[in-house]
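Enquirer: File entry-v5.txt follows (compact mmCIF, C-alpha atoms):
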# COMPACT_ATOMS: atom_id res chain seq x y z
CA MET A 1 -16.57 -4.83 -17.61
CA SER A 2 -17.96 -7.21 -14.99
CA LEU A 3 -15.45 -9.06 -12.86
CA PHE A 4 -17.57 -10.41 -10.01
CA ILE A 5 -20.42 -12.81 -9.53
CA LEU A 6 -22.56 -12.72 -6.40
CA SER A 7 -22.79 -16.10 -4.76
CA CYS A 8 -23.99 -17.73 -1.57
CA SER A 9 -22.14 -19.99 0.81
CA THR A 10 -23.35 -22.05 3.73
CA THR A 11 -21.04 -21.45 6.68
CA GLU A 12 -20.96 -22.49 10.31
CA PRO A 13 -21.74 -19.77 12.91
CA PHE A 14 -18.63 -17.92 14.03
CA THR A 15 -17.59 -18.78 17.59
CA GLY A 16 -14.38 -16.73 17.82
CA TYR A 17 -10.72 -17.23 17.00
CA SER A 18 -8.50 -19.17 19.38
CA TYR A 19 -6.48 -16.04 20.18
CA ASP A 20 -9.51 -13.82 20.87
CA PRO A 21 -10.29 -13.00 24.52
CA PRO A 22 -13.88 -13.46 25.73
CA ASP A 23 -16.51 -11.17 24.17
CA ALA A 24 -14.16 -9.90 21.46
CA THR A 25 -17.06 -9.82 19.00
CA ASP A 26 -19.23 -7.74 21.34
CA THR A 27 -18.38 -4.39 19.80
CA ARG A 28 -20.49 -2.14 21.99
CA ASP A 29 -18.44 0.61 23.64
CA LYS A 30 -16.31 -0.45 26.61
CA LEU A 31 -14.48 1.57 29.25
CA THR A 32 -10.84 2.41 28.58
CA GLU A 33 -8.27 4.23 30.69
CA LEU A 34 -5.93 6.68 29.01
CA GLN A 35 -2.35 6.74 30.23
CA LYS A 36 -1.19 9.85 32.06
CA LYS A 37 1.22 11.79 29.85
CA ARG A 38 4.23 12.99 31.84
CA THR A 39 8.02 13.19 32.12
CA ILE A 40 9.47 11.51 35.21
CA GLY A 41 12.91 12.21 36.69
CA PHE A 42 14.78 10.18 39.31
CA GLY A 43 18.26 9.26 40.57
CA GLU A 44 21.58 11.11 40.56
CA PRO A 45 22.79 11.96 37.99
CA LYS A 46 19.19 12.55 36.94
CA ILE A 47 17.49 9.98 34.69
CA TRP A 48 14.47 11.10 32.65
CA ILE A 49 11.72 9.04 31.02
CA SER A 50 8.74 10.41 29.09
CA ASN A 51 5.62 9.35 27.21
CA GLU A 52 4.74 12.84 26.01
CA PHE A 53 4.47 12.09 22.28
CA ASN A 54 2.10 10.38 19.87
CA ALA A 55 2.12 6.56 19.98
CA ALA A 56 3.86 6.44 23.37
CA ARG A 57 2.94 3.77 25.92
CA LEU A 58 4.28 4.02 29.45
CA ASN A 59 1.95 3.80 32.43
CA ASP A 60 4.51 4.26 35.21
CA ALA A 61 8.24 4.17 35.89
CA TRP A 62 10.39 4.18 39.00
CA LEU A 63 13.96 3.59 40.13
CA VAL A 64 14.85 0.31 41.86
CA LYS A 65 18.05 0.30 43.91
CA GLY A 66 19.33 -3.25 44.30
CA ARG A 67 21.52 -4.24 47.22
CA GLY A 68 25.15 -3.86 46.20
CA GLU A 69 24.18 -3.23 42.58
CA ALA A 70 26.51 -0.87 40.72
CA LEU A 71 23.85 0.12 38.18
CA ASP A 72 20.49 1.78 38.61
CA THR A 73 17.47 -0.26 37.50
CA ILE A 74 14.56 1.54 35.81
CA ARG A 75 11.33 -0.40 36.09
CA VAL A 76 8.66 0.48 33.54
CA ARG A 77 5.02 -0.57 33.86
CA ILE A 78 3.11 -1.24 30.62
CA GLU A 79 -0.67 -1.72 30.79
CA PRO A 80 -3.32 -2.11 28.06
CA GLU A 81 -6.11 0.32 27.29
CA ASN A 82 -8.62 -2.17 28.70
CA ALA A 83 -8.87 -5.90 29.37
CA PRO A 84 -9.22 -8.69 28.47
CA ILE A 85 -7.12 -8.14 25.38
CA ASN A 86 -4.91 -10.04 22.93
CA ASN A 87 -1.23 -10.40 23.82
CA SER A 88 0.08 -7.38 21.87
CA PRO A 89 1.83 -5.33 24.59
CA TRP A 90 2.88 -2.16 22.82
CA TYR A 91 5.34 0.20 24.51
CA GLY A 92 7.09 3.41 23.55
CA PHE A 93 8.92 6.12 25.53
CA LYS A 94 11.89 8.51 25.56
CA LEU A 95 14.84 7.94 27.90
CA TRP A 96 17.87 10.11 28.70
CA SER A 97 20.05 11.30 31.60
CA ASP A 98 21.94 14.42 32.63
CA ALA A 99 25.27 12.57 32.38
CA PRO A 100 26.41 9.42 30.51
CA GLN A 101 25.76 6.22 32.43
CA GLU A 102 24.69 2.61 32.09
CA VAL A 103 21.34 1.46 33.48
CA ILE A 104 19.23 -1.68 33.55
CA LEU A 105 15.80 -1.23 31.98
CA GLN A 106 12.99 -3.60 32.96
CA LEU A 107 9.66 -3.79 31.12
CA HIS A 108 6.84 -5.20 33.25
CA TYR A 109 3.51 -5.99 31.61
CA ALA A 110 0.02 -6.23 33.07
CA ASP A 111 -1.31 -9.75 32.41
CA ALA A 112 0.76 -10.17 29.25
CA ARG A 113 3.91 -11.79 27.92
CA HIS A 114 6.79 -9.94 26.27
CA ARG A 115 6.28 -10.05 22.50
CA TYR A 116 8.05 -7.31 20.53
CA VAL A 117 11.84 -6.96 20.32
CA PRO A 118 12.81 -3.56 21.85
CA LYS A 119 14.22 -1.07 19.35
CA TRP A 120 15.85 2.35 19.73
CA THR A 121 16.84 5.42 17.76
CA HIS A 122 17.96 9.01 18.23
CA LYS A 123 15.86 10.04 15.19
CA PRO A 124 12.22 8.93 15.49
CA GLU A 125 11.41 10.19 11.99
CA SER A 126 13.55 7.34 10.60
CA SER A 127 12.04 3.97 9.76
CA ILE A 128 15.37 2.33 10.64
CA TRP A 129 15.69 1.60 14.35
CA GLN A 130 18.27 -0.62 16.02
CA PRO A 131 17.19 -3.71 17.94
CA ILE A 132 18.39 -3.80 21.54
CA ASP A 133 20.69 -6.78 22.05
CA SER A 134 20.96 -9.07 25.07
CA VAL A 135 17.36 -8.83 26.25
CA SER A 136 16.56 -11.21 29.09
CA ILE A 137 12.94 -12.39 29.04
CA THR A 138 10.94 -13.84 31.93
CA ALA A 139 7.22 -14.33 32.44
CA GLY A 140 5.58 -10.93 32.02
CA ALA A 141 8.85 -8.98 31.89
CA ALA A 142 11.95 -8.15 29.85
CA SER A 143 15.28 -6.75 31.07
CA MET A 144 18.13 -5.12 29.15
CA LEU A 145 21.34 -3.13 29.68
CA LEU A 146 21.39 0.38 28.16
CA SER A 147 23.87 3.19 27.77
CA ILE A 148 22.15 6.58 28.09
CA GLY A 149 23.20 10.22 28.22
CA PRO A 150 21.96 13.74 27.40
CA GLU A 151 20.93 12.74 23.86
CA VAL A 152 17.36 11.42 23.93
CA LYS A 153 17.00 7.73 23.16
CA TRP A 154 13.61 6.71 21.78
CA ILE A 155 12.62 3.14 22.68
CA ALA A 156 9.60 1.33 21.27
CA ALA A 157 8.21 -2.02 20.21
CA HIS A 158 8.46 -0.91 16.57
CA PRO A 159 9.60 2.21 14.68
CA THR A 160 7.16 5.03 15.26
CA ASN A 161 7.29 8.51 13.79
CA ALA A 162 5.89 10.71 16.52
CA ASN A 163 6.38 13.95 14.59
CA ASP A 164 3.88 13.50 11.76
CA PHE A 165 1.33 10.88 12.69
CA LEU A 166 3.65 7.96 12.07
CA GLY A 167 4.70 9.19 8.64
CA LEU A 168 1.20 9.20 7.12
CA THR A 169 0.75 12.96 6.73
CA ASN A 170 3.67 13.52 4.36
CA TYR A 171 3.89 10.04 2.87
CA LEU A 172 2.26 10.74 -0.50
CA GLU A 173 4.37 13.82 -1.16
CA ALA A 174 7.61 12.22 0.04
CA SER A 175 6.91 9.19 -2.16
CA GLY A 176 6.39 11.37 -5.24
CA ILE A 177 2.87 10.06 -5.90
CA SER A 178 0.72 12.87 -4.47
CA ASP A 179 -0.31 13.98 -7.99
CA LEU A 180 -1.79 10.53 -8.63
CA VAL A 181 -3.77 10.18 -5.41
CA GLN A 182 -6.77 12.07 -4.10
CA SER A 183 -6.67 12.17 -0.29
CA ASP A 184 -9.92 12.73 1.55
CA THR A 185 -11.43 12.38 5.03
CA VAL A 186 -14.47 10.08 4.99
CA GLY A 187 -15.31 10.22 8.70
CA TYR A 188 -13.95 10.69 12.18
CA SER A 189 -12.93 8.47 15.04
CA HIS A 190 -14.18 8.73 18.61
CA GLY A 191 -11.25 11.09 19.23
CA LYS A 192 -12.24 13.30 16.25
CA ARG A 193 -9.30 12.17 14.17
CA GLY A 194 -9.86 11.79 10.44
CA ILE A 195 -10.39 8.45 8.72
CA ILE A 196 -8.28 8.95 5.60
CA GLU A 197 -9.15 7.65 2.15
CA TRP A 198 -6.65 7.50 -0.70
CA LYS A 199 -8.21 7.19 -4.13
CA THR A 200 -6.18 6.89 -7.31
CA GLN A 201 -7.05 9.71 -9.63
CA ILE A 202 -7.83 9.14 -13.28
CA GLU A 203 -4.65 9.32 -15.34
CA ALA A 204 -4.34 12.45 -17.48
CA SER A 205 -4.40 10.32 -20.64
CA THR A 206 -7.57 8.49 -19.61
CA THR A 207 -11.07 9.94 -20.01
CA ALA A 208 -13.88 9.46 -17.52
CA GLU A 209 -15.78 7.49 -20.17
CA GLU A 210 -12.85 5.10 -20.51
CA MET A 211 -12.84 4.63 -16.73
CA SER A 212 -16.52 3.69 -16.64
CA GLY A 213 -16.79 0.11 -15.47
CA SER A 214 -13.37 0.24 -13.88
CA GLY A 215 -12.28 -2.56 -11.62
CA LEU A 216 -11.86 -1.44 -8.01
CA LEU A 217 -9.14 -2.69 -5.66
CA LEU A 218 -9.78 -2.16 -1.92
CA LEU A 219 -6.87 -1.85 0.53
CA PHE A 220 -7.12 -1.63 4.34
CA SER A 221 -4.40 -1.09 6.95
CA ARG A 222 -3.70 -0.42 10.64
CA GLN A 223 -6.87 -1.65 12.31
CA HIS A 224 -4.59 -2.85 15.14
CA PRO A 225 -2.12 -0.16 16.36
CA PRO A 226 1.02 -2.28 17.05
CA GLU A 227 0.97 -3.98 13.65
CA VAL A 228 3.61 -1.76 12.10
CA SER A 229 5.17 -4.36 9.78
CA GLY A 230 1.84 -4.89 8.02
CA TYR A 231 1.40 -1.14 7.72
CA ARG A 232 4.91 -0.60 6.35
CA THR A 233 4.45 -3.45 3.86
CA PHE A 234 1.17 -1.86 2.75
CA LEU A 235 2.97 1.45 2.11
CA HIS A 236 5.60 -0.25 -0.07
CA PHE A 237 2.85 -2.21 -1.84
CA TYR A 238 0.85 0.97 -2.43
CA LYS A 239 3.80 2.94 -3.76
CA ARG A 240 4.61 0.15 -6.24
CA LEU A 241 1.06 0.28 -7.58
CA HIS A 242 1.70 3.96 -8.37
CA ALA A 243 5.05 3.58 -10.11
CA SER A 244 5.69 4.98 -13.59
CA ASP A 245 6.65 1.74 -15.37
CA GLN A 246 4.45 0.15 -18.02
CA LEU A 247 2.95 -2.47 -15.69
CA ALA A 248 1.73 0.08 -13.14
CA LEU A 249 0.51 2.49 -15.81
CA GLN A 250 -1.53 -0.25 -17.50
CA PHE A 251 -2.90 -1.34 -14.15
CA ARG A 252 -4.08 2.14 -13.19
CA GLU A 253 -5.70 2.59 -16.58
CA ALA A 254 -7.85 -0.46 -15.88
CA PHE A 255 -8.29 -0.38 -12.10
CA THR A 256 -9.11 2.23 -9.49
CA ILE A 257 -7.34 1.85 -6.13
CA LEU A 258 -9.21 2.77 -2.96
CA ALA A 259 -7.14 2.61 0.24
CA TYR A 260 -7.71 3.29 3.94
CA PRO A 261 -4.17 3.44 5.37
CA MET A 262 -4.88 4.33 9.02
CA MET A 263 -8.15 2.81 10.17
CA ASN A 264 -7.57 3.17 13.92
CA PRO A 265 -5.95 6.61 14.37
CA ASP A 266 -6.97 6.93 18.03
CA GLY A 267 -5.42 3.60 18.93
CA VAL A 268 -2.20 4.47 17.12
CA VAL A 269 -1.83 7.93 18.67
CA GLU A 270 -2.72 6.72 22.17
CA GLY A 271 -0.32 3.77 22.02
CA HIS A 272 -3.02 1.12 22.38
CA TRP A 273 -2.27 -2.58 22.30
CA ARG A 274 -5.13 -3.46 19.95
CA HIS A 275 -8.34 -1.48 20.42
CA ASN A 276 -9.82 1.89 19.51
CA LEU A 277 -10.66 4.65 21.99
CA LYS A 278 -13.76 2.78 23.17
CA GLY A 279 -11.92 -0.47 23.80
CA ILE A 280 -13.07 -2.31 20.68
CA ASP A 281 -11.18 -4.50 18.22
CA LEU A 282 -12.26 -2.84 14.97
CA ASN A 283 -11.66 -6.01 13.01
CA ARG A 284 -14.55 -7.63 14.86
CA ASP A 285 -17.02 -4.84 14.02
CA TRP A 286 -17.69 -5.53 10.35
CA GLU A 287 -21.17 -6.94 10.94
CA TYR A 288 -22.88 -4.50 13.32
CA PHE A 289 -20.76 -1.38 12.59
CA ARG A 290 -21.12 0.05 16.07
CA GLN A 291 -17.86 1.99 15.83
CA PRO A 292 -17.46 5.26 13.85
CA GLU A 293 -14.26 4.06 12.17
CA THR A 294 -15.85 1.00 10.55
CA ARG A 295 -19.05 2.89 9.76
CA ALA A 296 -17.10 5.63 7.96
CA ILE A 297 -15.38 3.14 5.69
CA ARG A 298 -18.53 1.10 5.11
CA ASP A 299 -20.42 4.27 4.11
CA ALA A 300 -17.60 5.39 1.82
CA VAL A 301 -17.21 2.05 0.03
CA SER A 302 -20.79 0.70 -0.12
CA PRO A 303 -22.01 3.13 -2.82
CA TYR A 304 -19.57 1.54 -5.27
CA ALA A 305 -21.88 -1.46 -5.31
CA GLU A 306 -24.45 0.74 -7.07
CA LEU A 307 -22.03 2.53 -9.41
CA ASP A 308 -20.52 1.18 -12.59
CA TYR A 309 -17.53 -0.29 -10.77
CA SER A 310 -16.61 -3.91 -10.17
CA VAL A 311 -14.87 -4.46 -6.85
CA VAL A 312 -12.43 -7.15 -7.89
CA TYR A 313 -10.40 -7.79 -4.74
CA GLY A 314 -9.81 -6.64 -1.18
CA ILE A 315 -6.68 -6.85 1.00
CA ASP A 316 -6.42 -6.10 4.71
CA PHE A 317 -2.80 -5.77 5.93
CA HIS A 318 -1.95 -6.98 9.45
CA SER A 319 1.00 -8.30 11.48
CA THR A 320 1.53 -11.44 13.53
CA ASN A 321 4.42 -13.73 14.49
CA GLU A 322 4.79 -15.18 10.97
CA ASN A 323 4.17 -14.43 7.30
CA VAL A 324 0.82 -15.88 6.35
CA PHE A 325 -2.12 -15.49 3.98
CA TYR A 326 -5.61 -16.00 5.40
CA PRO A 327 -7.81 -16.41 2.31
CA ILE A 328 -11.47 -17.25 2.02
CA ASN A 329 -12.11 -20.99 1.83
CA GLU A 330 -11.44 -22.35 -1.66
CA GLU A 331 -14.90 -23.94 -1.80
CA VAL A 332 -16.58 -20.53 -1.54
CA VAL A 333 -17.31 -19.16 -5.01
CA THR A 334 -16.11 -15.58 -5.41
CA GLY A 335 -16.08 -13.09 -8.30
CA ILE A 336 -12.58 -13.86 -9.54
CA ASP A 337 -12.80 -17.30 -8.06
CA ASN A 338 -9.94 -18.38 -5.77
CA PHE A 339 -7.82 -15.40 -6.79
CA THR A 340 -5.88 -15.53 -3.52
CA GLN A 341 -5.03 -19.19 -4.00
CA ARG A 342 -3.68 -18.34 -7.46
CA TRP A 343 -1.76 -15.29 -6.26
CA PHE A 344 -0.19 -16.90 -3.19
CA PRO A 345 2.50 -18.99 -5.01
CA PHE A 346 3.88 -15.87 -6.71
CA VAL A 347 4.23 -14.04 -3.38
CA ALA A 348 5.80 -17.06 -1.68
CA GLU A 349 8.25 -17.76 -4.53
CA ALA A 350 9.37 -14.12 -4.73
CA ASN A 351 10.12 -14.14 -0.98
CA PRO A 352 11.48 -17.63 -0.21
CA ALA A 353 13.26 -16.61 3.00
CA LEU A 354 9.98 -15.50 4.58
CA ASN A 355 8.48 -19.03 4.69
CA PHE A 356 5.01 -17.86 3.74
CA ARG A 357 2.14 -20.20 4.41
CA SER A 358 -1.59 -20.04 3.67
CA GLU A 359 -4.52 -21.02 5.90
CA GLU A 360 -8.10 -20.81 4.63
CA PHE A 361 -11.15 -19.73 6.62
CA GLU A 362 -14.89 -19.69 6.10
CA PRO A 363 -16.24 -16.16 5.53
CA ASN A 364 -18.39 -16.19 8.67
CA SER A 365 -16.45 -13.97 11.09
CA PRO A 366 -17.22 -10.23 11.47
CA ILE A 367 -13.95 -9.02 9.90
CA SER A 368 -13.23 -6.66 7.00
CA LYS A 369 -12.20 -9.37 4.55
CA ASN A 370 -15.54 -11.13 4.93
CA TRP A 371 -17.49 -7.88 4.68
CA VAL A 372 -15.87 -7.27 1.28
CA TYR A 373 -16.96 -10.73 0.15
CA LYS A 374 -20.51 -10.40 1.50
CA THR A 375 -20.98 -6.89 0.10
CA PHE A 376 -19.42 -7.30 -3.34
CA GLY A 377 -19.28 -11.06 -3.86
CA THR A 378 -15.56 -10.87 -4.52
CA ASP A 379 -12.47 -12.54 -3.10
CA ALA A 380 -10.55 -10.89 -0.25
CA LEU A 381 -7.52 -11.57 1.91
CA THR A 382 -6.04 -10.95 5.35
CA PHE A 383 -2.34 -10.37 4.57
CA GLU A 384 -0.26 -11.02 7.71
CA VAL A 385 3.38 -9.90 7.96
CA ASP A 386 5.92 -11.09 10.53
CA ASP A 387 6.20 -8.63 13.44
CA GLU A 388 9.98 -8.41 13.20
CA LEU A 389 10.50 -8.24 9.45
CA SER A 390 13.29 -5.86 8.46
CA GLU A 391 12.55 -2.72 6.47
CA GLU A 392 14.43 -4.18 3.50
CA ALA A 393 12.36 -7.37 3.63
CA MET A 394 9.11 -5.39 3.95
CA LYS A 395 10.04 -3.34 0.91
CA GLN A 396 10.85 -6.44 -1.13
CA LEU A 397 7.64 -8.14 -0.02
CA GLY A 398 5.41 -5.15 -0.69
CA GLU A 399 6.87 -4.40 -4.10
CA SER A 400 7.01 -7.98 -5.35
CA ALA A 401 3.46 -8.71 -4.12
CA ALA A 402 2.17 -5.62 -5.91
CA GLU A 403 3.88 -6.63 -9.15
CA SER A 404 2.42 -10.13 -9.22
CA LEU A 405 -1.03 -8.87 -8.21
CA MET A 406 -1.07 -6.31 -11.03
CA THR A 407 0.08 -8.91 -13.54
CA LEU A 408 -2.58 -11.43 -12.51
CA LEU A 409 -5.45 -8.92 -12.42
CA LEU A 410 -4.51 -7.57 -15.86
CA GLU A 411 -4.41 -11.12 -17.21
CA GLU A 412 -7.84 -11.72 -15.66
CA LEU A 413 -9.15 -8.63 -17.39
CA LYS A 414 -7.85 -9.81 -20.77
CA GLY A 415 -9.63 -13.11 -20.31
CA GLN A 416 -13.05 -11.52 -19.78
Kindly transcribe the structure held in the file into structure tokens.

Expert:
Amino acid sequence: MSLFILSCSTTEPFTGYSYDPPDATDTRDKLTELQKKRTIGFGEPKIWISNEFNAARLNDAWLVKGRGEALDTIRVRIEPENAPINNSPWYGFKLWSDAPQEVILQLHYADARHRYVPKWTHKPESSIWQPIDSVSITAGAASMLLSIGPEVKWIAAHPTNANDFLGLTNYLEASGISDLVQSDTVGYSHGKRGIIEWKTQIEASTTAEEMSGSGLLLLFSRQHPPEVSGYRTFLHFYKRLHASDQLALQFREAFTILAYPMMNPDGVVEGHWRHNLKGIDLNRDWEYFRQPETRAIRDAVSPYAELDYSVVYGIDFHSTNENVFYPINEEVVTGIDNFTQRWFPFVAEANPALNFRSEEFEPNSPISKNWVYKTFGTDALTFEVDDELSEEAMKQLGESAAESLMTLLLEELKGQ
């Protein structure tokens, strides 16, 4: 089975995206400053605030006593891992007090604007957090009224599971698909954290000979730490591909699924705004491969170009302030030509409330989508999910997108 055709395209030199800070595509190691992990106490009755957990971000905090103010004001300082950097000011911390009281919480950012709606929970292992109402936003700051007490309140830009590496460790088992997926470590980050690969195992009813020539679907996620909605949508998408209904079974008989769910583990654990441990945007390093995270995935995937597999499609899940597809320009000939343009209407129609749009780009930037195209000659997509999408909407989006993708790829296979 051959589902791709190598082709050439004349493109203009890449000069950077409008939202990139200067030198974003210079992916040589840069200096970063790790936050100091600590628990701070102040006031009477005592107020406590802490960043001593994975994915926390809190650089400093202090108590501000206003003249004649009845409530204490807690001022929190949030700084990036290095600068310049995109406006993705991630924050996450624990807050509690010795006795019940109301306080004013202020978030102050270093050279950034408030972006993510604050959310809280008493159970960080849950994916359902409550948004904090009545947030007042000014330039570089956000202020809100909170009720706190002895029970710890976790506050973050997005839900974050600090107990098991943001839910990744136990996800396959909890989802009931661990028997279908082979999990492996293909490399290590600067911080010696594993770069995880999930590969769909051959179904028990399918022989290795029958799998020869299998189509290969590539899935990437979490290059940028704060982009939780894209990551959560990926997980729902991935689980739907491994369901037990006839559509998913037929799909897995014809296609192998290769996924890299947590591509920037250091950035996620350290609570970074965008970069890895060496201050680099990984999704600008898919040309020179100076970073160990991108090199590990390149080295794991590249051999498939020499094996009897056809890489048919690649998807990189991200988050932004809207729901949008960024496909390769329609004029560029790819293996399953213009597959994204054909798939997009199904995703948009299945999720009408999300107001999906599509914006094409030339494959000349040093990002993962374009590396897939240049390496395998196939179509690929940057799949952007709205930052503030609800868990229910993410589940609907991920599942419906997986269903239409499986249907279209199986139809493509029949037409070969």

Enquirer: For stretch 154-156 of chain A, find every residue with an atom within 8 Å (counting all atoms listed in the file), except residues of its own chain fewer than 4 positions away, and show them as a PyMOL selection string.

Expert: chain A and resi 56+90-95+118-124+160

Enquirer: Tell me, as a PDB file with C-alpha atoms, in the coordinates of the input, which residues lie within 7 Å of A:Thr382, counting only C-alpha atoms; anything in the same chain fewer than 3 positions away does not count.

Expert:
ATOM      1  CA  ILE A 315      -6.680  -6.850   1.000  1.00  0.00           C
ATOM      2  CA  ASP A 316      -6.420  -6.100   4.710  1.00  0.00           C
ATOM      3  CA  PHE A 317      -2.800  -5.770   5.930  1.00  0.00           C
ATOM      4  CA  PHE A 325      -2.120 -15.490   3.980  1.00  0.00           C
ATOM      5  CA  TYR A 326      -5.610 -16.000   5.400  1.00  0.00           C
ATOM      6  CA  PRO A 327      -7.810 -16.410   2.310  1.00  0.00           C
ATOM      7  CA  LYS A 369     -12.200  -9.370   4.550  1.00  0.00           C
TER       8      LYS A 369
END

Enquirer: Return as JSON lines the residues of stretch 316-395 of chain A lying at most 12 Å from stretch 127-131 of chain A, together with the closest atom-to-atom pair for each and the distance in Å to one decimal, counting all atoms listed in the file, with rows in chain order and ascending residue number.

Expert:
{"residue": "A:Glu388", "atom": "CA", "partner": "A:Pro131", "partner_atom": "CA", "distance": 9.8}
{"residue": "A:Leu389", "atom": "CA", "partner": "A:Ile128", "partner_atom": "CA", "distance": 11.7}
{"residue": "A:Ser390", "atom": "CA", "partner": "A:Ile128", "partner_atom": "CA", "distance": 8.7}
{"residue": "A:Glu391", "atom": "CA", "partner": "A:Ile128", "partner_atom": "CA", "distance": 7.1}
{"residue": "A:Glu392", "atom": "CA", "partner": "A:Ile128", "partner_atom": "CA", "distance": 9.7}
{"residue": "A:Met394", "atom": "CA", "partner": "A:Ser127", "partner_atom": "CA", "distance": 11.4}
{"residue": "A:Lys395", "atom": "CA", "partner": "A:Ser127", "partner_atom": "CA", "distance": 11.7}

Enquirer: What is the distance, in Å and to one decimal place, between atom CA of A:Arg274 and atom CA of A:Pro225?

Expert: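 Distance between the two atoms: 5.7 Å.
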
Enquirer: Just want the 6 Å neighbourhood of stretch 329-333 of chain A, counted on all atoms listed in the file, with same-chain residues fewer than 4 positions away dropped. Output as a list of chain:residue names.

Expert: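 Selected residues are A:Asp337, A:Asn338, A:Glu360, A:Phe361, A:Glu362.
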
Enquirer: Between A:Pro261, A:Gly43, A:Gly215, A:Pro352, which has the minimum distance to A:Trp198 (counting all atoms listed in the file)?

Expert: A:Pro261

Enquirer: What is the atom CA of A:His236-atom CA of A:Phe344 distance in Å, reported with one decimal?

Expert: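 Straight-line distance from atom CA of A:His236 to atom CA of A:Phe344 works out to 17.9 Å.
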
Enquirer: Please identify all polymer residues within 7 Å of stretch 399-412 of chain A, counting all atoms listed in the file, omitting same-chain residues fewer than 5 positions from it, and present them as a ChimeraX atom specification.

Expert: /A:236-237,240-241,251,343,346-347,350

Enquirer: At a cut-off of 10 Å, using all atoms listed in the file, what residues contact A:Arg113? Leave out same-chain residues fewer than 4 positions from it and give the result as a ChimeraX atom specification.

Expert: /A:87-89,108-109,137-142

Enquirer: Looking at all atoms listed in the file, which of A:Trp286, A:Phe234, A:Phe220, A:Phe376 is the one that sits closest to A:Val312?

Expert: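 Closest to A:Val312, using all atoms listed in the file: A:Phe376.
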
Enquirer: How would you write as a PyMOL selection string the residues that get within 12 Å of (10.6, 14.9, 39.3) in the file's frame, counting all atoms listed in the file?

Expert: chain A and resi 38-44+46-50+61-63

Enquirer: My list of candidates is A:Ala353, A:Ile85, A:Ala348, A:Met263. Which is closest to A:Thr25 when distances are computed with all atoms listed in the file?

Expert: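 Among A:Ala353, A:Ile85, A:Ala348, A:Met263, it is A:Ile85 that comes nearest to A:Thr25.
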
Enquirer: Of the residues A:Val181, A:Val228, A:Leu413, A:Ile297, which is the one nearest to A:Ala55, using all atoms listed in the file?

Expert: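 Under the stated criterion, the closest residue is A:Val228.
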
Enquirer: Just the number, please: distance in Å from atom CA of A:Asp266 to atom CA of A:Lys278, one decimal.

Expert: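 Between these atoms lies a distance of 9.5 Å.
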
Enquirer: Here is a test: counting only C-alpha atoms, which residue of A:Ser214, A:Thr233, A:Ala259, A:Met144 is nearest to A:Tyr309?

Expert: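 Using only C-alpha atoms, A:Tyr309 sits closest to A:Ser214.
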
Enquirer: Identify the residues within 6 Å of coordinate (0.2, 8.8, 24.4) (same frame as the file), considering all atoms listed in the file, and give the answer as a PyMOL selection string.

Expert: chain A and resi 53-57+270-271

Enquirer: Take the residues from that selection and write them out as a JSON list (two decimals), keeping the file's coordinate frame, keeping C-alpha atoms.

Expert:
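File written: result16.json
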[["chain", "number", "residue", "atom", "x", "y", "z"],
["A", 53, "PHE", "CA", 4.47, 12.09, 22.28],
["A", 54, "ASN", "CA", 2.10, 10.38, 19.87],
["A", 55, "ALA", "CA", 2.12, 6.56, 19.98],
["A", 56, "ALA", "CA", 3.86, 6.44, 23.37],
["A", 57, "ARG", "CA", 2.94, 3.77, 25.92],
["A", 270, "GLU", "CA", -2.72, 6.72, 22.17],
["A", 271, "GLY", "CA", -0.32, 3.77, 22.02]]

Enquirer: Here is a test: counting all atoms listed in the file, which residue of A:Asp281, A:Glu293, A:Glu102, A:Glu33 is nearest to A:Ile74?

Expert: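 For A:Ile74, the nearest of the candidates is A:Glu102.
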